[in-house]
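data-v3.txt follows; it contains compact mmCIF, C-alpha atoms.
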```
# COMPACT_ATOMS: atom_id res chain seq x y z
CA MET O 1 21.02 -19.95 13.38
CA PRO O 2 20.01 -16.90 15.51
CA ARG O 3 16.32 -16.15 16.01
CA ALA O 4 14.87 -14.32 13.01
CA THR O 5 13.29 -10.86 12.96
CA LEU O 6 10.44 -9.85 10.66
CA THR O 7 9.91 -6.14 10.19
CA ILE O 8 6.30 -5.25 9.49
CA SER O 9 4.02 -2.24 9.52
CA SER O 10 0.39 -1.82 10.61
CA LYS O 11 -1.48 -5.08 11.04
CA ASN O 12 -4.74 -3.36 10.24
CA TYR O 13 -3.69 -1.70 7.00
CA SER O 14 -0.54 -3.33 5.61
CA SER O 15 -1.40 -6.15 3.22
CA TRP O 16 2.24 -6.82 2.34
CA SER O 17 3.16 -7.18 6.01
CA LEU O 18 0.37 -9.72 6.38
CA ARG O 19 1.65 -11.75 3.44
CA GLY O 20 5.21 -11.86 4.74
CA TRP O 21 4.06 -12.74 8.25
CA LEU O 22 1.86 -15.58 7.01
CA LEU O 23 4.72 -17.03 4.96
CA CYS O 24 7.07 -17.03 7.95
CA LYS O 25 4.45 -18.65 10.16
CA MET O 26 3.69 -21.27 7.49
CA ALA O 27 7.40 -22.09 7.24
CA GLY O 28 7.48 -22.68 10.98
CA ILE O 29 10.39 -20.39 11.77
CA ALA O 30 10.71 -18.71 15.15
CA PHE O 31 10.87 -14.94 14.71
CA ASP O 32 10.40 -11.69 16.56
CA GLU O 33 8.20 -8.95 15.12
CA ALA O 34 9.68 -5.49 14.68
CA GLN O 35 6.97 -2.99 13.82
CA VAL O 36 7.87 0.27 12.12
CA ASP O 37 5.89 3.38 12.98
CA PRO O 38 2.82 3.38 10.71
CA ASP O 39 2.44 7.15 11.10
CA SER O 40 5.95 7.82 9.81
CA ALA O 41 6.01 9.73 6.52
CA SER O 42 8.57 7.28 5.13
CA ASN O 43 6.02 4.48 5.46
CA ARG O 44 3.08 6.29 3.86
CA GLN O 45 3.60 4.77 0.40
CA GLU O 46 3.64 1.21 1.72
CA LEU O 47 0.61 1.77 3.91
CA LEU O 48 -1.28 3.29 1.00
CA LEU O 49 -0.63 0.04 -0.90
CA LEU O 50 1.07 1.76 -3.81
CA SER O 51 4.03 -0.59 -3.89
CA PRO O 52 4.56 -4.24 -2.98
CA SER O 53 7.97 -3.48 -1.54
CA VAL O 54 9.02 -0.30 0.24
CA ARG O 55 10.47 -1.15 3.65
CA VAL O 56 8.35 -4.04 4.80
CA PRO O 57 8.13 -6.92 5.14
CA ARG O 58 11.80 -7.58 5.73
CA LEU O 59 13.10 -10.87 7.11
CA GLU O 60 16.49 -10.99 8.83
CA ARG O 61 17.90 -14.35 9.87
CA GLY O 62 21.51 -14.43 10.94
CA THR O 63 23.50 -12.73 8.19
CA ILE O 64 20.64 -13.14 5.71
CA ALA O 65 18.29 -10.26 4.91
CA VAL O 66 15.37 -10.74 2.52
CA TRP O 67 12.77 -8.19 1.55
CA ASP O 68 9.95 -8.22 -0.99
CA THR O 69 7.21 -10.73 -0.31
CA LEU O 70 7.91 -13.15 -3.14
CA ALA O 71 11.64 -13.13 -2.37
CA ILE O 72 10.76 -14.10 1.20
CA ALA O 73 8.53 -16.88 -0.13
CA GLU O 74 11.28 -18.28 -2.34
CA TYR O 75 13.89 -18.06 0.43
CA LEU O 76 11.65 -19.91 2.85
CA HIS O 77 10.78 -22.54 0.24
CA GLU O 78 14.45 -23.17 -0.49
CA THR O 79 15.34 -23.30 3.19
CA PHE O 80 12.35 -25.32 4.40
CA PRO O 81 11.11 -27.31 1.38
CA GLU O 82 9.39 -29.83 3.63
CA THR O 83 6.86 -27.26 4.87
CA GLY O 84 4.90 -27.32 1.61
CA LEU O 85 4.78 -23.62 0.81
CA TYR O 86 4.31 -24.65 -2.81
CA PRO O 87 2.36 -27.66 -4.15
CA ARG O 88 4.33 -30.85 -4.76
CA ASP O 89 2.99 -31.36 -8.28
CA VAL O 90 5.07 -29.42 -10.82
CA THR O 91 2.04 -28.28 -12.82
CA GLN O 92 0.26 -27.03 -9.73
CA ARG O 93 3.45 -25.46 -8.46
CA ALA O 94 3.81 -23.51 -11.69
CA LEU O 95 0.23 -22.28 -11.41
CA CYS O 96 0.77 -21.33 -7.78
CA ARG O 97 3.82 -19.28 -8.71
CA SER O 98 2.00 -17.65 -11.62
CA ILE O 99 -1.04 -16.48 -9.70
CA SER O 100 1.14 -15.36 -6.78
CA GLY O 101 3.26 -13.33 -9.16
CA GLU O 102 0.15 -11.85 -10.75
CA MET O 103 -1.04 -10.62 -7.37
CA HIS O 104 2.41 -9.29 -6.55
CA SER O 105 2.73 -7.22 -9.73
CA GLY O 106 -0.86 -6.31 -10.56
CA PHE O 107 -4.34 -5.49 -9.27
CA TYR O 108 -3.41 -1.88 -8.63
CA ASN O 109 -6.97 -0.63 -9.03
CA LEU O 110 -8.34 -3.20 -6.61
CA ARG O 111 -5.71 -2.35 -4.00
CA SER O 112 -6.29 1.38 -4.43
CA ALA O 113 -10.10 1.27 -4.43
CA LEU O 114 -10.46 -1.32 -1.65
CA PRO O 115 -7.64 -0.63 0.83
CA MET O 116 -7.15 -3.22 3.53
CA ASN O 117 -8.84 -2.24 6.77
CA LEU O 118 -9.68 -5.15 9.04
CA LYS O 119 -11.69 -3.00 11.42
CA ALA O 120 -14.06 -1.58 8.82
CA ARG O 121 -17.29 -2.99 7.39
CA HIS O 122 -19.09 -1.36 4.46
CA LYS O 123 -22.44 -2.92 3.62
CA ALA O 124 -23.16 -0.79 0.55
CA PHE O 125 -19.79 0.29 -0.82
CA LYS O 126 -19.80 1.66 -4.38
CA ILE O 127 -16.86 0.10 -6.23
CA PHE O 128 -15.53 2.34 -8.97
CA SER O 129 -15.55 0.87 -12.45
CA GLY O 130 -11.76 0.68 -12.78
CA ALA O 131 -11.53 -1.88 -9.96
CA ARG O 132 -14.21 -4.22 -11.29
CA PRO O 133 -12.00 -5.99 -13.87
CA ASP O 134 -9.48 -6.70 -11.09
CA ILE O 135 -12.20 -8.19 -8.91
CA GLU O 136 -13.46 -10.35 -11.76
CA ARG O 137 -9.92 -11.54 -12.48
CA VAL O 138 -9.45 -12.58 -8.85
CA LYS O 139 -12.72 -14.52 -9.01
CA GLU O 140 -11.54 -16.21 -12.22
CA ILE O 141 -8.24 -17.23 -10.63
CA TRP O 142 -9.95 -18.62 -7.55
CA HIS O 143 -12.43 -20.61 -9.62
CA GLN O 144 -9.62 -22.00 -11.78
CA CYS O 145 -7.81 -23.32 -8.71
CA LEU O 146 -10.83 -24.50 -6.76
CA LEU O 147 -12.15 -26.43 -9.75
CA THR O 148 -9.45 -29.07 -9.22
CA SER O 149 -8.60 -28.47 -5.56
CA PRO O 150 -10.13 -30.68 -2.85
CA GLY O 151 -10.23 -27.48 -0.79
CA PRO O 152 -10.69 -25.61 1.32
CA PHE O 153 -7.61 -23.76 0.03
CA LEU O 154 -6.56 -22.98 -3.53
CA PHE O 155 -4.30 -26.03 -3.87
CA GLY O 156 -5.66 -28.44 -1.33
CA THR O 157 -6.25 -29.01 2.34
CA THR O 158 -3.37 -26.82 3.52
CA PRO O 159 -2.48 -23.22 2.57
CA THR O 160 0.28 -22.40 0.09
CA VAL O 161 2.06 -19.23 -0.99
CA ALA O 162 -0.95 -18.43 -3.17
CA ASP O 163 -3.29 -18.38 -0.19
CA ALA O 164 -0.92 -16.08 1.67
CA MET O 165 -0.82 -13.76 -1.33
CA TYR O 166 -4.60 -13.63 -1.70
CA ALA O 167 -5.45 -13.54 2.02
CA PRO O 168 -5.55 -9.71 2.11
CA VAL O 169 -7.98 -9.79 -0.82
CA CYS O 170 -10.25 -12.03 1.25
CA THR O 171 -10.27 -9.38 3.98
CA ARG O 172 -11.05 -6.67 1.43
CA PHE O 173 -13.95 -8.64 -0.02
CA ARG O 174 -15.37 -8.95 3.50
CA THR O 175 -14.73 -5.31 4.39
CA TYR O 176 -16.43 -3.98 1.25
CA SER O 177 -19.12 -6.68 0.95
CA VAL O 178 -18.05 -7.84 -2.51
CA ASP O 179 -20.66 -10.21 -3.94
CA LEU O 180 -19.38 -13.80 -4.24
CA ASP O 181 -20.92 -17.06 -5.32
CA PRO O 182 -21.12 -19.89 -2.74
CA VAL O 183 -17.86 -21.54 -3.87
CA LEU O 184 -15.83 -18.36 -3.53
CA GLN O 185 -17.59 -17.32 -0.34
CA ALA O 186 -16.63 -20.66 1.20
CA TYR O 187 -13.01 -20.04 0.22
CA VAL O 188 -13.02 -16.57 1.77
CA GLU O 189 -14.50 -17.95 4.97
CA ALA O 190 -11.86 -20.71 5.06
CA VAL O 191 -9.06 -18.15 4.76
CA LEU O 192 -10.56 -15.78 7.32
CA GLY O 193 -11.08 -18.69 9.71
CA TRP O 194 -7.50 -19.93 9.27
CA ASP O 195 -5.83 -19.89 12.69
CA LEU O 196 -3.00 -17.66 11.46
CA MET O 197 -5.47 -15.14 10.04
CA VAL O 198 -7.37 -15.13 13.32
CA GLU O 199 -4.12 -14.43 15.18
CA TRP O 200 -3.18 -11.58 12.82
CA THR O 201 -6.68 -10.07 13.01
CA GLU O 202 -6.58 -10.03 16.79
CA GLY O 203 -3.37 -8.02 16.56
CA ALA O 204 -4.93 -5.65 14.05
CA LEU O 205 -7.95 -5.01 16.24
CA ALA O 206 -5.65 -4.10 19.12
CA GLU O 207 -3.99 -1.28 17.14
CA PRO O 208 -5.03 2.40 17.44
CA ASP O 209 -8.37 3.06 15.81
CA GLU O 210 -7.22 4.92 12.73
CA ILE O 211 -4.34 6.41 10.80
CA THR O 212 -5.48 9.84 9.66
CA GLU O 213 -3.41 9.83 6.45
CA LEU O 214 -5.21 6.74 5.17
CA GLU O 215 -8.65 8.13 5.86
CA VAL O 216 -7.74 11.34 4.02
CA GLU O 217 -6.15 9.65 1.02
CA PHE O 218 -9.05 7.29 0.39
```
Can you give me the file's structure in the form of structure tokens?
Amino acid sequence: MPRATLTISSKNYSSWSLRGWLLCKMAGIAFDEAQVDPDSASNRQELLLLSPSVRVPRLERGTIAVWDTLAIAEYLHETFPETGLYPRDVTQRALCRSISGEMHSGFYNLRSALPMNLKARHKAFKIFSGARPDIERVKEIWHQCLLTSPGPFLFGTTPTVADAMYAPVCTRFRTYSVDLDPVLQAYVEAVLGWDLMVEWTEGALAEPDEITELEVEF
């Protein structure tokens, strides 16, 4: 099988690119990164987090092309089932799929009000009321999983698809200083300290300082 290529956008701003990249790294495949121009008008919608699937992430491996983050997750799970992208237990696996799908299709207000920006830190950010139910729902999901998980991740000692899906939310909660109880704060710190997240963040910090369109829109 030829070496794979993963097309992504800005590492600082693109939450969907981060999810796809994490999944490929977790599956252990060798791939090259192809980064589209984040300032291109055709990529504005994806960068503004208005859609989970515009042009990126896109995984190409031989004659296979897969786009949309959950489609990439399912392809990698089918191809490399031994890597543990989903929990082994069928009940836990169903929950993992459900909360991953919920993130994929929902939380619009959270994504709009708290755009991913790994370089920024806001100590006193006023969160508009429409985003608060989304934040509370994320907290509820995390508590539900961590109640039975040995930790530090949502389904155990190693990350799953769910952790990849919620990793950008962890960065948002840090960026905008969202108040968390000790259990959830420990989870966020575990995700942000994950070696793959550290690698991605280093790449994000090396990007140009800002994309004007994002600063204007938000």
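Among the candidates O:Ala131, O:Thr91, O:Lys119, O:Asn109, the residue lying nearest to Ala206 (chain O) is O:Lys119 (atoms considered: only C-alpha atoms).
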Proximity of region 121-200 of chain O to region 11-24 of chain O: per-residue shortest pair, 8 Å limit, only C-alpha atoms, as JSON lines:
```
{"residue": "O:Val161", "atom": "CA", "partner": "O:Leu23", "partner_atom": "CA", "distance": 6.9}
{"residue": "O:Ala164", "atom": "CA", "partner": "O:Arg19", "partner_atom": "CA", "distance": 5.3}
{"residue": "O:Met165", "atom": "CA", "partner": "O:Arg19", "partner_atom": "CA", "distance": 5.7}
{"residue": "O:Ala167", "atom": "CA", "partner": "O:Arg19", "partner_atom": "CA", "distance": 7.5}
{"residue": "O:Pro168", "atom": "CA", "partner": "O:Ser15", "partner_atom": "CA", "distance": 5.6}
{"residue": "O:Leu196", "atom": "CA", "partner": "O:Leu22", "partner_atom": "CA", "distance": 6.9}
{"residue": "O:Met197", "atom": "CA", "partner": "O:Leu22", "partner_atom": "CA", "distance": 7.9}
{"residue": "O:Trp200", "atom": "CA", "partner": "O:Lys11", "partner_atom": "CA", "distance": 7.0}
```
(request) Quick one: everything within 9 Å of Asp134 (chain O), counting only C-alpha atoms, minus sequence neighbours fewer than 2 positions away in the same chain. Send it as a ChimeraX atom specification. (result) /O:106-110,130-132,136-139
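For the choices O:Thr157, O:Thr69, O:Ile127, O:Arg121, the atom-to-atom distance to Ser105 (chain O) is smallest for O:Thr69 when using all atoms listed in the file.
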(request) Select, from O:Thr83, O:Ser149, O:Gln92, O:Ser98, the residue with the minimum atom-to-atom distance to Lys25 (chain O), counting all atoms listed in the file. (result) O:Thr83
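Taking CA of Leu76 (chain O) and CA of Gly193 (chain O) as endpoints, the distance between them is 23.8 Å.
With distances restricted to only C-alpha atoms, O:Arg61 is the closest residue to Tyr75 (chain O) from O:His143, O:Arg93, O:Arg111, O:Arg61.
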